[in-house]
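Note: the block below is final33.cif and it holds mmCIF, C-alpha atoms.
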data_upload
loop_
_atom_site.label_atom_id
_atom_site.label_comp_id
_atom_site.auth_asym_id
_atom_site.auth_seq_id
_atom_site.Cartn_x
_atom_site.Cartn_y
_atom_site.Cartn_z
CA MET A 1 305.01 76.22 112.37
CA LYS A 2 303.97 79.32 114.34
CA ARG A 3 303.69 81.32 111.08
CA ASN A 4 301.46 78.63 109.63
CA ILE A 5 299.07 78.80 112.60
CA ILE A 6 298.82 82.57 112.30
CA LYS A 7 298.16 82.17 108.58
CA LEU A 8 295.39 79.66 109.33
CA ILE A 9 293.79 81.99 111.87
CA ASN A 10 293.95 84.81 109.34
CA VAL A 11 292.19 82.65 106.77
CA ARG A 12 289.55 81.72 109.31
CA ILE A 13 288.98 85.37 110.15
CA TRP A 14 288.59 86.13 106.48
CA ILE A 15 286.11 83.33 105.99
CA LEU A 16 284.11 84.44 109.00
CA ALA A 17 284.16 88.03 107.84
CA ILE A 18 282.96 87.09 104.36
CA ALA A 19 280.26 84.81 105.82
CA ALA A 20 279.11 87.60 108.09
CA CYS A 21 278.94 90.01 105.19
CA LEU A 22 276.90 87.55 103.13
CA ALA A 23 274.58 86.94 106.04
CA VAL A 24 273.95 90.67 106.50
CA GLN A 25 273.32 91.05 102.80
CA ALA A 26 270.87 88.16 102.82
CA ALA A 27 269.15 89.65 105.84
CA SER A 28 268.72 93.05 104.24
CA ALA A 29 267.37 91.44 101.08
CA GLN A 30 264.58 89.84 103.09
CA VAL A 31 264.33 90.36 106.84
CA ARG A 32 260.91 88.70 107.07
CA PRO A 33 258.46 86.99 104.67
CA PRO A 34 256.42 89.42 102.52
CA LEU A 35 252.92 88.23 103.45
CA SER A 36 251.64 89.36 106.83
CA PHE A 37 248.45 89.21 108.86
CA ASN A 38 247.50 91.76 111.47
CA PHE A 39 244.91 91.92 114.20
CA ASN A 40 244.17 95.01 116.27
CA TYR A 41 241.90 96.21 119.02
CA SER A 42 240.32 99.53 118.07
CA ILE A 43 238.93 102.54 119.84
CA ALA A 44 237.07 105.17 117.83
CA GLN A 45 235.95 108.70 118.55
CA PRO A 46 233.05 110.01 116.47
CA LEU A 47 233.40 113.47 114.92
CA GLY A 48 231.01 115.96 113.34
CA SER A 49 227.44 114.79 112.77
CA VAL A 50 228.26 111.27 114.00
CA LYS A 51 229.28 112.86 117.30
CA ASP A 52 225.97 114.75 117.41
CA TYR A 53 224.16 111.47 116.80
CA SER A 54 226.14 109.23 119.14
CA ASP A 55 228.41 111.26 121.39
CA LYS A 56 230.41 108.51 123.03
CA THR A 57 233.84 107.04 122.30
CA SER A 58 233.50 103.47 121.08
CA PHE A 59 235.59 100.89 122.92
CA ARG A 60 234.02 98.06 120.97
CA GLY A 61 236.04 97.54 117.85
CA TRP A 62 238.64 95.50 116.10
CA GLN A 63 240.53 95.47 112.86
CA ALA A 64 242.21 92.74 110.83
CA GLY A 65 244.13 92.72 107.58
CA LEU A 66 246.44 90.97 105.17
CA GLN A 67 249.37 92.70 103.55
CA TYR A 68 251.95 91.78 100.93
CA MET A 69 255.26 93.66 100.77
CA LEU A 70 256.19 94.40 97.14
CA ASN A 71 259.66 95.46 98.28
CA ASP A 72 261.34 96.52 101.53
CA GLN A 73 259.13 99.54 102.01
CA LEU A 74 255.99 99.33 99.88
CA GLY A 75 253.11 97.00 100.62
CA VAL A 76 249.56 96.41 99.40
CA GLY A 77 246.77 94.73 101.29
CA LEU A 78 243.20 94.32 102.36
CA LYS A 79 241.67 95.21 105.69
CA SER A 80 238.37 94.90 107.49
CA GLY A 81 237.04 95.34 110.98
CA PHE A 82 234.13 96.33 113.15
CA GLN A 83 233.19 99.32 115.26
CA ASP A 84 230.06 99.76 117.36
CA PHE A 85 228.85 103.23 118.31
CA TYR A 86 226.26 103.42 121.06
CA TYR A 87 224.73 106.31 122.94
CA ARG A 88 221.62 106.48 125.08
CA ALA A 89 220.12 109.95 125.23
CA PRO A 90 217.98 110.70 128.30
CA ARG A 91 214.25 111.25 127.77
CA ALA A 92 213.60 114.21 125.50
CA VAL A 93 210.81 115.51 123.28
CA TYR A 94 211.40 115.33 119.52
CA PRO A 95 209.08 117.30 117.23
CA THR A 96 207.37 115.51 114.34
CA LYS A 97 205.32 116.78 111.40
CA SER A 98 202.11 117.26 113.36
CA GLY A 99 203.12 116.64 116.95
CA ASP A 100 205.86 115.42 119.24
CA ILE A 101 207.40 112.21 120.51
CA SER A 102 208.85 111.87 123.98
CA ALA A 103 211.43 109.10 124.09
CA VAL A 104 214.65 107.79 125.51
CA GLN A 105 216.68 107.41 122.34
CA THR A 106 219.34 104.73 121.99
CA ARG A 107 221.41 105.69 118.99
CA THR A 108 223.63 103.02 117.51
CA LEU A 109 225.76 102.62 114.42
CA GLN A 110 227.80 99.56 113.44
CA VAL A 111 230.47 99.99 110.82
CA ILE A 112 232.21 97.18 108.88
CA PRO A 113 234.75 98.53 106.39
CA VAL A 114 236.32 96.48 103.59
CA LEU A 115 239.29 98.44 102.27
CA ALA A 116 242.16 97.94 99.83
CA THR A 117 245.35 99.41 101.32
CA VAL A 118 248.69 100.78 100.18
CA GLN A 119 251.36 101.19 102.83
CA TYR A 120 254.73 102.89 102.73
CA GLN A 121 257.28 102.18 105.44
CA PHE A 122 259.71 105.00 106.13
CA THR A 123 262.61 102.76 107.22
CA LYS A 124 264.19 99.53 106.06
CA PRO A 125 262.65 96.38 107.58
CA ASP A 126 265.66 95.81 109.89
CA ALA A 127 265.02 99.01 111.84
CA ILE A 128 264.09 98.81 115.52
CA VAL A 129 260.99 100.92 114.91
CA ILE A 130 259.30 100.99 111.51
CA PRO A 131 257.06 104.03 111.07
CA TYR A 132 254.64 103.94 108.15
CA ALA A 133 251.76 105.71 106.46
CA SER A 134 248.95 103.99 104.62
CA LEU A 135 245.77 104.72 102.77
CA GLY A 136 242.73 102.45 102.68
CA VAL A 137 240.01 102.92 100.10
CA GLY A 138 236.89 100.82 99.72
CA VAL A 139 233.40 100.37 101.07
CA ALA A 140 231.81 100.18 104.48
CA ASN A 141 228.63 98.55 105.67
CA MET A 142 226.70 101.02 107.80
CA ASN A 143 224.08 99.57 110.12
CA TYR A 144 222.03 102.41 111.60
CA GLU A 145 219.63 101.59 114.41
CA LYS A 146 217.98 104.38 116.33
CA TYR A 147 215.69 103.19 119.10
CA TRP A 148 212.76 105.33 120.22
CA GLY A 149 212.21 103.60 123.55
CA MET A 150 211.95 100.01 122.38
CA PHE A 151 210.94 100.88 118.80
CA VAL A 152 213.61 101.00 116.18
CA ASP A 153 214.32 103.04 113.06
CA LYS A 154 216.68 100.89 110.98
CA ASP A 155 218.77 101.22 107.88
CA ASN A 156 221.54 99.09 106.45
CA SER A 157 223.60 100.23 103.50
CA TRP A 158 227.01 100.18 101.86
CA GLN A 159 228.93 103.34 101.31
CA PHE A 160 232.33 104.48 99.99
CA MET A 161 235.02 104.86 102.65
CA ALA A 162 238.57 106.22 102.77
CA SER A 163 240.95 105.80 105.72
CA PRO A 164 244.41 107.38 105.86
CA GLU A 165 246.53 105.92 108.64
CA ILE A 166 249.89 106.51 110.30
CA GLY A 167 251.53 104.08 112.65
CA ILE A 168 254.55 102.19 113.88
CA ASN A 169 255.62 98.56 113.78
CA ILE A 170 258.09 97.39 116.41
CA PRO A 171 259.60 93.95 115.71
CA PHE A 172 260.08 91.61 118.68
CA GLY A 173 263.77 91.15 117.84
CA LYS A 174 265.63 92.27 114.75
CA ALA A 175 264.37 89.72 112.20
CA SER A 176 261.34 88.52 114.15
CA PRO A 177 258.26 87.79 112.01
CA LEU A 178 256.12 89.15 114.83
CA LEU A 179 255.70 92.91 115.23
CA PHE A 180 253.89 95.10 117.67
CA ASN A 181 251.63 97.58 115.86
CA ALA A 182 250.11 100.86 116.96
CA SER A 183 248.34 103.27 114.64
CA VAL A 184 245.96 106.18 114.31
CA GLN A 185 243.56 106.45 111.40
CA TYR A 186 240.91 108.83 110.19
CA ASN A 187 237.79 107.36 108.59
CA TYR A 188 235.63 109.26 106.18
CA SER A 189 232.52 108.21 104.34
CA PRO A 190 229.96 110.38 102.51
CA TYR A 191 227.24 108.55 104.44
CA LYS A 192 223.98 110.43 104.88
CA LEU A 193 221.05 109.25 106.94
CA ALA A 194 218.62 111.26 109.06
CA GLU A 195 220.82 113.37 111.37
CA ILE A 196 224.11 112.02 109.97
CA THR A 197 225.39 114.25 107.16
CA ASN A 198 228.71 112.41 106.71
CA PHE A 199 230.62 109.76 108.56
CA SER A 200 233.85 110.87 110.17
CA THR A 201 235.78 109.26 113.02
CA VAL A 202 239.28 109.07 114.46
CA GLN A 203 240.40 105.60 115.37
CA GLY A 204 243.28 104.25 117.43
CA ASN A 205 244.52 100.68 116.91
CA ILE A 206 246.85 98.49 118.89
CA GLY A 207 247.78 94.91 118.06
CA LEU A 208 250.12 92.53 116.32
CA ARG A 209 251.41 92.00 112.79
CA TRP A 210 252.69 88.61 111.84
CA HIS A 211 254.70 87.82 108.73
CA ILE A 212 253.50 84.37 107.82
CA ASN A 213 254.80 83.52 104.35
CA MET B 1 268.00 66.22 104.63
CA LYS B 2 266.74 68.67 102.05
CA THR B 3 263.29 67.05 101.98
CA GLY B 4 263.16 67.06 105.76
CA LYS B 5 263.88 70.75 105.92
CA LYS B 6 261.22 71.46 103.29
CA ASN B 7 258.67 69.50 105.28
CA PHE B 8 259.55 71.43 108.37
CA THR B 9 258.98 74.70 106.49
CA ILE B 10 255.62 73.54 105.15
CA VAL B 11 254.46 72.45 108.59
CA SER B 12 255.42 75.71 110.21
CA VAL B 13 253.74 77.79 107.49
CA ARG B 14 250.64 75.61 107.78
CA THR B 15 250.61 76.04 111.54
CA MET B 16 250.91 79.76 111.16
CA PHE B 17 248.12 79.91 108.57
CA PHE B 18 246.01 77.73 110.81
CA MET B 19 246.54 80.03 113.77
CA GLY B 20 245.88 83.02 111.56
CA ALA B 21 242.65 81.42 110.35
CA ILE B 22 241.60 80.75 113.95
CA ALA B 23 242.24 84.38 114.84
CA ALA B 24 240.24 85.53 111.79
CA ALA B 25 237.37 83.16 112.58
CA ALA B 26 237.33 84.31 116.20
CA ALA B 27 237.24 87.89 114.99
CA ILE B 28 234.31 87.22 112.66
CA LEU B 29 232.41 85.29 115.34
CA SER B 30 232.89 88.05 117.84
CA LEU B 31 231.43 90.51 115.34
CA GLY B 32 227.94 90.02 116.73
CA SER B 33 228.87 89.81 120.37
CA CYS B 34 231.04 92.92 120.10
CA ARG B 35 227.90 94.91 119.76
CA LYS B 36 226.14 96.42 122.75
CA ASP B 37 222.50 95.32 122.78
CA PRO B 38 220.22 98.36 123.17
CA LEU B 39 217.28 96.37 124.57
CA ASN B 40 219.28 94.35 127.07
CA ASP B 41 219.48 96.88 129.89
CA MET B 42 216.38 98.89 129.01
CA THR B 43 213.94 99.59 131.83
CA GLU B 44 210.16 99.69 131.25
CA GLU B 45 210.20 103.46 131.67
CA GLU B 46 212.98 103.82 129.09
CA SER B 47 211.13 101.57 126.64
CA GLN B 48 208.05 103.81 126.64
CA ILE B 49 207.36 106.55 124.15
CA TYR B 50 204.65 109.19 124.30
CA ILE B 51 203.47 110.20 120.87
CA THR B 52 201.21 113.20 120.48
CA ASN B 53 199.60 114.45 117.31
CA ARG B 54 197.22 117.28 116.64
CA ASP B 55 195.02 118.75 114.00
CA THR B 56 197.12 121.75 112.99
CA THR B 57 194.00 123.66 111.91
CA ALA B 58 192.29 123.31 115.31
CA ASN B 59 192.12 126.30 117.61
CA PHE B 60 192.40 124.74 121.03
CA SER B 61 191.58 127.88 122.97
CA SER B 62 188.18 128.07 121.25
CA TYR B 63 186.87 125.10 123.24
CA THR B 64 185.54 125.53 126.75
CA THR B 65 183.98 122.33 128.01
CA PHE B 66 184.86 118.67 127.82
CA SER B 67 183.56 115.32 128.87
CA ILE B 68 185.32 112.00 129.28
CA VAL B 69 184.23 108.39 128.91
CA ASP B 70 183.22 106.52 132.05
CA SER B 71 185.23 103.43 131.26
CA VAL B 72 188.07 102.39 128.98
CA ALA B 73 187.61 100.48 125.75
CA VAL B 74 189.81 97.46 125.31
CA ALA B 75 190.72 96.54 121.76
CA SER B 76 192.29 93.17 122.14
CA ASN B 77 193.82 91.01 119.43
CA GLY B 78 191.10 91.77 116.94
CA ASP B 79 188.54 90.45 119.44
CA THR B 80 185.04 91.79 119.98
CA ALA B 81 184.66 95.01 121.84
CA ARG B 82 184.74 95.26 125.56
CA ARG B 83 184.80 98.07 128.04
CA ALA B 84 186.58 97.85 131.32
CA LEU B 85 186.91 99.79 134.52
CA THR B 86 189.88 98.33 136.32
CA ASP B 87 192.00 100.27 138.83
CA TYR B 88 194.22 101.18 135.93
CA ASP B 89 191.26 102.51 133.96
CA LYS B 90 189.98 104.58 136.89
CA GLN B 91 193.42 106.12 137.42
CA LEU B 92 193.81 106.84 133.72
CA ILE B 93 190.41 108.57 133.55
CA ALA B 94 191.26 110.62 136.64
CA ALA B 95 194.72 111.60 135.34
CA VAL B 96 193.45 112.75 131.94
CA LYS B 97 190.51 114.55 133.56
CA SER B 98 192.71 116.56 135.90
CA ALA B 99 195.24 117.30 133.16
CA MET B 100 192.43 118.78 131.03
CA GLN B 101 191.13 120.80 133.95
CA SER B 102 194.59 122.16 134.66
CA ARG B 103 194.66 123.41 131.07
CA GLY B 104 191.56 125.51 131.73
CA TYR B 105 188.82 123.28 130.34
CA THR B 106 185.63 122.69 132.27
CA LEU B 107 184.40 119.16 132.88
CA VAL B 108 180.71 118.70 132.11
CA ASP B 109 178.37 115.77 131.75
CA LYS B 110 178.13 114.35 128.25
CA ALA B 111 174.45 115.30 128.18
CA ALA B 112 175.46 118.96 128.56
CA LYS B 113 176.78 119.18 124.98
CA PRO B 114 180.51 119.44 125.68
CA ASN B 115 182.81 121.07 123.10
CA LEU B 116 185.33 118.29 123.44
CA ALA B 117 185.05 114.61 124.20
CA ILE B 118 187.77 112.23 125.30
CA ASN B 119 187.93 108.57 124.34
CA LEU B 120 190.29 106.20 126.09
CA THR B 121 191.34 102.92 124.56
CA ARG B 122 193.72 100.22 125.62
CA ILE B 123 195.06 98.32 122.66
CA ASP B 124 196.39 94.82 122.99
CA GLU B 125 197.80 93.35 119.84
CA THR B 126 200.42 91.16 121.46
CA PHE B 127 199.15 88.01 119.77
CA ALA B 128 197.91 89.40 116.51
CA SER B 129 200.29 88.98 113.64
CA THR B 130 198.71 91.46 111.30
CA TYR B 131 199.10 95.19 111.58
CA TYR B 132 196.09 97.41 111.46
CA ASP B 133 195.02 101.00 111.42
CA PRO B 134 193.23 102.87 114.18
CA GLY B 135 189.93 102.71 112.35
CA TYR B 136 189.89 99.15 113.56
CA TRP B 137 189.27 100.06 117.16
CA SER B 138 187.40 103.28 116.54
CA GLY B 139 184.95 102.46 113.83
CA TRP B 140 183.54 99.20 115.05
CA GLY B 141 180.33 99.19 117.01
CA GLY B 142 180.97 98.53 120.64
CA TYR B 143 184.07 100.65 120.85
CA TRP B 144 183.62 104.33 121.35
CA ASP B 145 181.45 105.32 118.46
CA PRO B 146 179.93 108.70 117.69
CA PHE B 147 176.60 107.42 119.00
CA TYR B 148 178.04 107.44 122.51
CA TRP B 149 178.63 111.14 122.18
CA GLY B 150 175.20 111.83 120.77
CA TYR B 151 176.11 111.91 117.10
CA PRO B 152 174.58 108.77 115.63
CA GLY B 153 175.14 108.42 111.92
CA LEU B 154 178.35 110.38 111.87
CA GLY B 155 181.71 108.70 111.35
CA TYR B 156 185.00 109.57 112.95
CA TYR B 157 187.55 111.40 110.91
CA TRP B 158 190.97 109.89 111.46
CA PRO B 159 193.85 112.09 110.44
CA SER B 160 196.68 110.50 108.46
CA TYR B 161 199.20 110.85 111.28
CA TYR B 162 198.09 107.67 112.98
CA THR B 163 200.89 105.15 113.00
CA VAL B 164 200.55 101.53 112.09
CA TYR B 165 202.04 99.04 114.48
CA THR B 166 201.84 95.49 115.64
CA ARG B 167 202.56 93.07 118.47
CA GLU B 168 202.32 95.37 121.41
CA ARG B 169 200.19 96.92 124.08
CA ALA B 170 199.39 100.57 123.79
CA VAL B 171 197.10 103.20 125.24
CA SER B 172 195.36 105.81 123.16
CA VAL B 173 193.82 109.08 124.35
CA ASP B 174 191.66 110.73 121.69
CA LEU B 175 190.35 114.25 121.94
CA LEU B 176 187.28 114.74 119.76
CA ASP B 177 185.74 117.95 118.48
CA LEU B 178 182.01 117.80 119.20
CA GLN B 179 181.54 121.54 118.82
CA HIS B 180 181.86 121.39 115.04
CA ALA B 181 180.62 117.82 114.55
CA ALA B 182 177.19 118.75 113.21
CA GLU B 183 178.45 121.29 110.69
CA ASP B 184 181.46 119.14 109.65
CA LYS B 185 179.25 116.05 109.50
CA GLU B 186 182.01 114.08 111.17
CA VAL B 187 183.60 113.83 114.59
CA LYS B 188 187.14 115.03 114.15
CA VAL B 189 189.98 113.81 116.31
CA VAL B 190 191.83 117.03 117.06
CA TRP B 191 194.45 115.61 119.41
CA ASN B 192 195.75 112.15 120.15
CA ALA B 193 198.22 110.79 122.64
CA MET B 194 199.55 107.28 122.22
CA PHE B 195 201.58 105.50 124.87
CA ARG B 196 203.67 102.66 123.55
CA GLY B 197 206.31 100.41 125.10
CA SER B 198 206.47 97.84 127.84
CA GLY B 199 204.50 98.45 131.01
CA VAL B 200 202.10 101.02 129.55
CA TRP B 201 199.23 99.00 131.06
CA SER B 202 200.77 99.28 134.51
CA THR B 203 199.40 101.86 136.97
CA SER B 204 202.90 102.95 137.99
CA TYR B 205 203.43 104.83 134.72
CA ILE B 206 200.05 106.57 134.31
CA SER B 207 201.06 109.92 135.77
CA ASN B 208 204.39 109.91 133.89
CA MET B 209 202.67 109.20 130.60
CA VAL B 210 199.77 111.60 130.98
CA ASN B 211 201.96 114.43 132.31
CA GLY B 212 204.44 113.75 129.52
CA ALA B 213 201.81 113.90 126.79
CA PHE B 214 200.22 117.10 128.09
CA GLY B 215 203.62 118.59 128.89
CA GLN B 216 204.78 118.26 125.30
CA SER B 217 201.46 119.67 124.00
CA THR B 218 201.68 123.22 125.31
CA TYR B 219 199.19 124.42 122.67
CA LEU B 220 196.46 122.34 124.32
CA LYS B 221 194.90 124.94 126.61
CA LYS B 222 191.93 127.19 127.05
#
Could the structure of this file be written out as structure tokens, please?
Amino acid sequence: MKRNIIKLINVRIWILAIAACLAVQAASAQVRPPLSFNFNYSIAQPLGSVKDYSDKTSFRGWQAGLQYMLNDQLGVGLKSGFQDFYYRAPRAVYPTKSGDISAVQTRTLQVIPVLATVQYQFTKPDAIVIPYASLGVGVANMNYEKYWGMFVDKDNSWQFMASPEIGINIPFGKASPLLFNASVQYNYSPYKLAEITNFSTVQGNIGLRWHIN
Amino acid sequence: MKTGKKNFTIVSVRTMFFMGAIAAAAAILSLGSCRKDPLNDMTEEESQIYITNRDTTANFSSYTTFSIVDSVAVASNGDTARRALTDYDKQLIAAVKSAMQSRGYTLVDKAAKPNLAINLTRIDETFASTYYDPGYWSGWGGYWDPFYWGYPGLGYYWPSYYTVYTRERAVSVDLLDLQHAAEDKEVKVVWNAMFRGSGVWSTSYISNMVNGAFGQSTYLKK
């Protein structure tokens, strides 16, 4: 009788152990659904000629994207966003062809990128912290508005853009579909207009990624 | 049981897509409002620009005397000519006069054959929907015409630097070369200052505008 009970317990332990193993295997095969959506708040610092044009860090920006994981570590996606650069230069005299213009200049630039992305995650999806690197390539809408007092010089155009990015995802719980995201990206575009000889900024993002399906 | 579970899955995915869509829509809607409006917090002073242009062939130190109009022409919404002498106009005449004197030029009566003449014009095109060129306020009889300066029959020569604009109030200061008018057979505008922006017709900005225009035109001196 006693032997039988021990035998039964042993069997139960075996079953539990096997079930646990299977569960772990299943979990590592797919910790969270492959399709995810992310939304981030963005801060951007202009560099180079953009800094000369509008020398002020932009705190008005956001970024959103969709991504599909092809396997545990490689994903492809699409991302967009918005960043507003704004700087008001105190009154100064600007030379023209046959004279000068004295003006308070308000120099603005609004950027809306539309980029295809490839992302590689350096750890398996069940890690506590998932560092990654990604590259976005696509186009950006550049809206240039330079105000001379209340009079504006305007230009709106599309231009090529490339954005390498490194960041981390931190899941809220081991298999949670919701992840905290923080990243730093560099944006480059061969955009040329007036005083801007190319577009180059460093951008910090913070937000959430959500695996939806 | 199986069906029920499937339904549950569909609902939760739908809910998540729905919430995602809301977030995306909110993001797109906020696109416009994310932007800082440059005109929103702009003061009148900040809105004003002082544009100066000159005839690059003119030798400004070769002139000695000048004269200035006794009132200000008002070119208003394509209307017929009118001259005015409001407080603003008096202060504008005085400010330009003293700025010229401080640059070494001697004020004389227009009958004394001055080398330079100064026309002052207030332009009001706030209700006109068409843009126009400066010939519009200069060439028409009733505005400052060469006859006023003793050169009947001659036309003004307007350099190509004059900008075209619309729907605003502006003030124009034109410096005319009378010294060479007879030989050139035209009255050349050798220097122009244009004040544009809000409040340029207000007395509080006259000294700022006139000092600004002369300050950025260091070549304009005897």
Residues returned when the PyMOL selection byres ((chain A) within 7 of (chain B)) runs on this file, as a ChimeraX atom specification | /A:60,82,84,93,98-104,106,148-150,212-213
**Request:** Expand the PyMOL selection byres ((chain B and resi 61) around 9) into the individual residues it matches in the shown file, reporting them as an MDAnalysis selection string.
**Result:** chainID B and resid 58:60 62:64 219:222
For the selection you just gave me, I'd like the residues written to a file as a JSON list (two decimals), in the frame of the given file, keeping C-alpha atoms.
[["chain", "number", "residue", "atom", "x", "y", "z"],
["B", 58, "ALA", "CA", 192.29, 123.31, 115.31],
["B", 59, "ASN", "CA", 192.12, 126.30, 117.61],
["B", 60, "PHE", "CA", 192.40, 124.74, 121.03],
["B", 62, "SER", "CA", 188.18, 128.07, 121.25],
["B", 63, "TYR", "CA", 186.87, 125.10, 123.24],
["B", 64, "THR", "CA", 185.54, 125.53, 126.75],
["B", 219, "TYR", "CA", 199.19, 124.42, 122.67],
["B", 220, "LEU", "CA", 196.46, 122.34, 124.32],
["B", 221, "LYS", "CA", 194.90, 124.94, 126.61],
["B", 222, "LYS", "CA", 191.93, 127.19, 127.05]]
Students should find that atom CA of A:Tyr147 and atom CA of A:Asn187 are spaced 24.8 Å
Fill in: Residues within 8 Å of A:Arg107, all atoms listed in the file, excluding chain neighbours under 3 positions, as a PyMOL selection string
chain A and resi 53-54+85-89+145-147
Next item on the list: Run the PyMOL selection byres ((chain B and resi 85) around 10) on the file and write out the hits as a list in words.
Entry: Asp70, Ser71, Val72, Ala73, Val74, Arg83, Ala84, Thr86, Asp87, Tyr88, Asp89, Lys90, Gln91, Leu92 and Ile93 of chain B
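As for atom CA of A:Thr108 and atom CA of A:Val50, they are spaced 10.1 Å apart.
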Can you work out the spacing between atom CA of B:Asp109 and atom CA of B:Val187 in Å, to one decimal?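 Between these atoms lies a distance of 18.0 Å.
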